[in-house]
>>> print(open('query.txt').read())   # compact mmCIF, C-alpha atoms
# COMPACT_ATOMS: atom_id res chain seq x y z
CA MET A 6 102.93 148.73 111.95
CA VAL A 7 105.13 147.70 114.86
CA LEU A 8 102.93 144.88 116.17
CA PRO A 9 102.95 142.66 113.02
CA ARG A 10 106.74 143.03 112.78
CA LEU A 11 107.08 142.16 116.45
CA LEU A 12 104.87 139.07 116.04
CA ARG A 13 106.93 137.91 113.04
CA SER A 14 110.11 138.42 115.05
CA VAL A 15 108.72 136.40 117.97
CA SER A 16 107.61 133.63 115.56
CA ARG A 17 111.08 133.44 114.00
CA TRP A 18 112.68 133.33 117.45
CA ARG A 19 110.38 130.47 118.49
CA GLU A 20 111.18 128.53 115.32
CA THR A 21 114.91 129.03 115.86
CA ARG A 22 114.60 127.77 119.42
CA ALA A 23 112.55 124.76 118.27
CA VAL A 24 115.16 123.85 115.65
CA GLU A 25 117.93 124.14 118.24
CA ARG A 26 116.08 121.96 120.77
CA HIS A 27 115.33 119.28 118.16
CA ALA A 28 118.54 119.55 116.16
CA ILE A 29 119.35 116.37 114.23
CA PRO A 30 122.90 115.13 114.98
CA ASP A 31 125.27 114.85 112.02
CA GLU A 32 125.67 111.09 112.43
CA LEU A 33 121.92 110.51 112.48
CA TRP A 34 121.36 112.72 109.43
CA ALA A 35 124.08 110.82 107.58
CA THR A 36 122.20 107.60 108.38
CA ILE A 37 119.05 109.06 106.85
CA LEU A 38 120.87 110.07 103.67
CA ALA A 39 122.36 106.60 103.35
CA ALA A 40 118.99 104.90 103.85
CA TYR A 41 116.96 107.08 101.48
CA PRO A 42 118.75 107.83 98.18
CA PHE A 43 115.92 110.07 96.95
CA ILE A 44 116.85 112.46 99.78
CA ALA A 45 120.59 112.11 99.25
CA ALA A 46 120.09 112.98 95.56
CA ARG A 47 118.86 116.45 96.48
CA SER A 48 121.16 119.47 96.35
CA ALA A 49 123.13 120.43 99.46
CA GLU A 50 120.84 123.45 99.83
CA ASP A 51 117.70 121.29 99.74
CA GLN A 52 119.20 118.80 102.18
CA GLN A 53 119.98 121.54 104.70
CA ALA A 54 116.52 123.07 104.33
CA LEU A 55 114.95 119.62 104.76
CA ARG A 56 117.03 118.96 107.87
CA THR A 57 115.88 122.25 109.43
CA LEU A 58 112.26 121.63 108.45
CA SER A 59 112.44 118.11 109.91
CA SER A 60 113.57 119.60 113.23
CA LEU A 61 110.54 121.90 113.20
CA PHE A 62 108.33 118.92 112.39
CA LEU A 63 109.75 116.99 115.34
CA SER A 64 109.08 119.95 117.62
CA ARG A 65 105.40 120.12 116.62
CA LYS A 66 104.35 116.48 116.29
CA GLU A 67 103.82 113.71 118.81
CA PHE A 68 104.91 110.16 118.02
CA HIS A 69 103.20 107.15 119.58
CA GLY A 70 104.27 103.54 119.18
CA ALA A 71 101.37 101.10 118.90
CA HIS A 72 101.21 98.02 121.13
CA GLY A 73 104.21 99.01 123.20
CA MET A 74 106.48 99.79 120.26
CA GLN A 75 109.22 102.28 121.13
CA VAL A 76 109.71 105.05 118.57
CA THR A 77 113.43 105.81 118.51
CA ASP A 78 115.06 109.04 117.44
CA GLU A 79 116.15 107.40 114.19
CA MET A 80 112.59 106.29 113.44
CA ALA A 81 111.16 109.73 114.18
CA VAL A 82 113.75 111.49 112.02
CA ALA A 83 113.22 109.03 109.15
CA ILE A 84 109.50 109.77 109.20
CA ALA A 85 110.02 113.52 109.59
CA ALA A 86 112.47 113.78 106.69
CA GLN A 87 110.18 111.93 104.28
CA ALA A 88 107.07 113.74 105.47
CA CYS A 89 108.74 117.11 104.99
CA LEU A 90 109.85 116.53 101.38
CA PRO A 91 106.46 117.60 99.96
CA ILE A 92 106.38 120.77 102.09
CA LEU A 93 110.01 121.75 101.55
CA LYS A 94 108.88 124.97 99.85
CA LEU A 95 105.37 125.15 101.31
CA GLY A 96 106.41 125.47 104.96
CA ILE A 97 105.64 123.59 108.16
CA GLU A 98 102.28 125.36 108.50
CA ALA A 99 100.92 123.04 105.82
CA TYR A 100 100.77 120.34 108.50
CA ASP A 101 99.22 122.45 111.26
CA GLY A 102 95.94 120.55 111.09
CA PHE A 103 97.12 117.53 113.09
CA VAL A 104 99.59 116.53 115.81
CA GLY A 105 99.68 112.76 116.33
CA ILE A 106 101.62 110.12 114.41
CA VAL A 107 100.99 106.49 115.34
CA VAL A 108 103.65 103.99 114.32
CA HIS A 109 102.87 100.28 114.04
CA ALA A 110 105.53 97.64 113.60
CA ASP A 111 103.91 96.30 110.43
CA GLU A 112 100.69 96.42 108.43
CA VAL A 113 97.38 96.66 110.26
CA VAL A 114 94.09 94.91 109.59
CA ALA A 115 91.21 97.35 110.04
CA ALA A 116 87.54 96.35 110.26
CA ARG A 117 85.44 98.32 107.78
CA GLU A 118 81.77 98.59 106.93
CA VAL A 119 80.01 100.22 104.03
CA MET A 120 76.36 100.69 103.14
CA ASP A 121 75.31 99.94 99.57
CA GLU A 122 72.63 101.69 97.53
CA ASP A 123 69.95 99.39 98.97
CA GLY A 124 70.87 100.24 102.56
CA VAL A 125 72.57 96.91 103.22
CA VAL A 126 75.68 97.18 105.42
CA HIS A 127 78.67 95.12 104.31
CA GLN A 128 81.57 94.38 106.65
CA TYR A 129 85.09 93.56 105.53
CA ASP A 130 88.73 93.72 106.63
CA GLU A 131 91.23 96.06 105.01
CA VAL A 132 95.00 95.67 105.25
CA LEU A 133 96.70 99.03 105.81
CA THR A 134 100.31 100.18 105.76
CA GLY A 135 99.25 103.73 106.46
CA GLU A 136 96.23 105.93 106.98
CA ALA A 137 95.65 109.65 107.31
CA MET A 138 92.53 110.93 109.00
CA GLU A 139 91.25 114.49 108.85
CA GLY A 140 92.51 116.21 111.98
CA GLY A 141 94.88 113.30 112.62
CA PRO A 142 96.40 111.09 113.59
CA VAL A 143 98.52 109.73 110.74
CA MET A 144 99.18 105.98 111.00
CA LEU A 145 102.29 104.40 109.49
CA ALA A 146 103.71 100.88 109.34
CA TRP A 147 107.38 101.07 110.26
CA ALA A 148 108.30 98.06 108.11
CA ASP A 149 107.33 100.06 105.02
CA VAL A 150 108.95 103.27 106.24
CA LEU A 151 112.20 101.42 106.87
CA THR A 152 112.40 99.97 103.36
CA ALA A 153 111.39 103.17 101.54
CA GLY A 154 114.86 103.51 100.04
CA GLU A 155 114.50 100.19 98.25
CA SER A 156 110.83 100.58 97.33
CA ALA A 157 111.50 103.95 95.68
CA GLU A 158 112.29 101.96 92.52
CA LEU A 159 108.62 100.98 92.55
CA ALA A 160 107.55 104.61 93.11
CA TYR A 161 106.25 103.54 96.52
CA ASN A 162 106.57 105.56 99.73
CA VAL A 163 104.01 105.16 102.49
CA VAL A 164 105.04 108.32 104.37
CA ILE A 165 104.74 110.60 101.34
CA HIS A 166 101.49 108.88 100.35
CA GLU A 167 99.81 109.55 103.68
CA PHE A 168 101.10 113.09 103.96
CA ALA A 169 99.85 113.75 100.44
CA HIS A 170 96.43 112.89 101.85
CA VAL A 171 97.04 115.43 104.63
CA LEU A 172 97.66 118.12 102.01
CA ASP A 173 94.65 116.94 100.01
CA MET A 174 92.36 117.28 103.05
CA ALA A 175 93.56 120.79 103.92
CA ASP A 176 90.57 122.30 102.11
CA GLY A 177 88.15 120.04 103.97
CA ALA A 178 87.69 117.35 101.32
CA ALA A 179 89.68 114.29 100.20
CA ASP A 180 89.23 114.79 96.47
CA GLY A 181 92.71 114.96 94.96
CA VAL A 182 92.73 118.76 95.14
CA PRO A 183 94.94 120.46 97.76
CA LEU A 184 94.34 123.93 99.12
CA LEU A 185 94.96 126.34 96.23
CA PRO A 186 95.17 130.15 96.22
CA THR A 187 92.42 130.95 93.69
CA GLU A 188 89.33 129.43 92.15
CA ALA A 189 90.99 129.60 88.74
CA ALA A 190 93.93 127.57 90.05
CA ARG A 191 91.50 125.06 91.50
CA GLU A 192 89.60 124.69 88.22
CA ALA A 193 92.85 124.21 86.27
CA TRP A 194 94.00 121.59 88.80
CA ILE A 195 90.73 119.66 88.57
CA ALA A 196 90.80 119.71 84.76
CA CYS A 197 94.31 118.27 84.72
CA ILE A 198 94.09 115.66 87.47
CA ASP A 199 90.64 114.39 86.44
CA ALA A 200 91.82 113.85 82.86
CA GLU A 201 95.04 112.17 84.04
CA HIS A 202 93.14 109.94 86.44
CA GLU A 203 90.61 108.90 83.80
CA ARG A 204 93.35 107.95 81.33
CA PHE A 205 95.22 106.04 84.03
CA ALA A 206 92.09 104.16 85.11
CA ASP A 207 91.43 103.22 81.48
CA ARG A 208 94.95 101.80 81.21
CA ILE A 209 94.49 99.72 84.36
CA ASP A 210 91.04 98.53 83.23
CA ALA A 211 92.63 97.45 79.94
CA GLY A 212 95.01 95.21 81.89
CA GLU A 213 98.16 97.30 81.55
CA GLU A 214 100.60 96.35 84.31
CA ASP A 215 103.82 98.21 83.51
CA THR A 216 102.86 101.60 84.93
CA VAL A 217 105.03 103.92 86.99
CA LEU A 218 102.16 104.76 89.32
CA ASP A 219 100.67 102.16 91.63
CA PRO A 220 97.49 100.69 90.04
CA TYR A 221 95.78 101.48 93.36
CA GLY A 222 95.58 105.04 92.06
CA ALA A 223 92.84 103.95 89.64
CA GLU A 224 90.46 103.41 92.58
CA ALA A 225 89.65 107.09 93.11
CA VAL A 226 91.08 110.49 92.23
CA GLU A 227 92.24 111.09 95.82
CA GLU A 228 94.28 107.88 95.72
CA PHE A 229 95.57 108.78 92.28
CA PHE A 230 96.80 112.09 93.71
CA ALA A 231 98.57 110.33 96.59
CA VAL A 232 100.34 107.69 94.48
CA ALA A 233 101.32 110.35 91.94
CA VAL A 234 102.85 112.48 94.70
CA GLU A 235 104.83 109.43 95.86
CA ALA A 236 106.24 109.00 92.36
CA PHE A 237 106.92 112.72 91.96
CA PHE A 238 109.29 112.66 94.92
CA VAL A 239 110.89 109.20 94.82
CA ALA A 240 110.83 108.32 91.09
CA PRO A 241 110.55 111.74 89.44
CA ASP A 242 112.26 110.96 86.13
CA ALA A 243 109.97 108.03 85.39
CA MET A 244 106.92 109.95 86.59
CA ARG A 245 107.72 112.94 84.35
CA ALA A 246 108.25 110.67 81.34
CA GLU A 247 104.88 108.93 81.80
CA HIS A 248 102.81 111.86 83.13
CA PRO A 249 104.45 115.10 81.88
CA ALA A 250 101.38 117.29 82.39
CA LEU A 251 100.86 116.01 85.92
CA TYR A 252 104.54 116.45 86.69
CA GLU A 253 104.35 120.11 85.65
CA LEU A 254 101.19 120.61 87.70
CA PHE A 255 102.93 119.23 90.79
CA ALA A 256 106.12 121.18 90.10
CA GLY A 257 104.09 124.38 90.21
CA TYR A 258 102.24 123.47 93.39
CA PHE A 259 105.17 122.05 95.38
CA ARG A 260 107.59 124.60 93.85
CA GLN A 261 110.07 121.79 93.29
CA THR A 262 111.53 120.02 90.24
CA PRO A 263 113.00 116.77 91.61
CA ALA A 264 113.57 115.16 88.18
CA ASN A 265 117.08 115.35 86.76
>>> encode(input="query.txt", output="C-alpha cells")
Amino acid sequence: MVLPRLLRSVSRWRETRAVERHAIPDELWATILAAYPFIAARSAEDQQALRTLSSLFLSRKEFHGAHGMQVTDEMAVAIAAQACLPILKLGIEAYDGFVGIVVHADEVVAAREVMDEDGVVHQYDEVLTGEAMEGGPVMLAWADVLTAGESAELAYNVVIHEFAHVLDMADGAADGVPLLPTEAAREAWIACIDAEHERFADRIDAGEEDTVLDPYGAEAVEEFFAVAVEAFFVAPDAMRAEHPALYELFAGYFRQTPAN
C-alpha cells in the first residue's frame, strides 16, 4: 500500500514545515514557563512536546483581537501552550473543528435570552471571561489568560476551561462527554461523571464552600466537566485527593498523570 504511506509521509513533512515556520524562540518559551508554573512543573520531555504542539497550533489557528486589540506573539504563545496541554497526547487533530480565536482585553457582557416552559422569553446579561462555540470561534479574556499562573491555586484556567468545551463538543453535543472510541467507554464515562456531578451539586446545594472545583460546575454536567478539566491540569494533586475516580477517568482519556 504505497499511497497511504506516501500520504503519511507528506503529512509529516507538512507538520515539520509548520513547526519550523512557527517555531517558538527560546526566550519567549522561557517567559511562558516563568509565567505558568503548571507548565514548568512538567517533565522536560512533556515541555518539548508541548512546545512543538503549540507551534502546530499556531500554524492552524487564526487570532483576532477584539475592538482593535493587538494580539502579540507572547499572547498567542501563552494561549497556545495552555490550550495544548489537554491534547498533549491526543494530537492537534482534536482541535480541527474550529479555526478562530477572539481575544478581548477583559471580560465581556453578552446579551442573552431564554424561553421558559410557558413560552415567555426572558432577557438578561451574562458576564463572560471565555466562550467556546461549536465550530468556533473560541473567545478569551486576556486579563484572565495573563493571570493563569496565579489563579492556578484556585484551580481556575479560562483557556483550559474553554478548550475542554471544544473537546466536549467534538461528538456534536455539549454534555460533559468527549468523543470516545466505543459505546462501552461512553457508558462508563457517563456513569462516572454523572455520579461525580450529582455528588458535587449536592455539596454546593448544602452550602459547602471549600471545594477544589469551581462551584459553577454544579450548574450542569458540561460545566462540571470543564471546571474539572481545569483542576486536572493546574491543580492536579488537590483534584485527585478530592475526586480520585474522576482523576483516574481523566488520566485514561487524556493519557496524562499530572499529579505528583
>>> atom_distance(input="query.txt", atom1="atom CA of Asp199 of chain A", atom2="atom CA of Glu131 of chain A")
26.1 Å
>>> atom_distance(input="query.txt", atom1="atom CA of Phe62 of chain A", atom2="atom CA of Asp78 of chain A")
13.0 Å
>>> residues_around(input="query.txt", residues="Ala28 of chain A", least_positions_apart="2", cutoff="9 Å", atoms="only C-alpha atoms", output="ChimeraX atom specification")
/A:23-26,30,56-57,59-61
>>> atom_distance(input="query.txt", atom1="atom CA of Ala169 of chain A", atom2="atom CA of Val143 of chain A")
11.1 Å
>>> residues_near_point(input="query.txt", point="(113.6, 112.2, 90.8)", cutoff="8 Å", atoms="all atoms listed in the file", output="ChimeraX atom specification")
/A:43,237-243,263-265
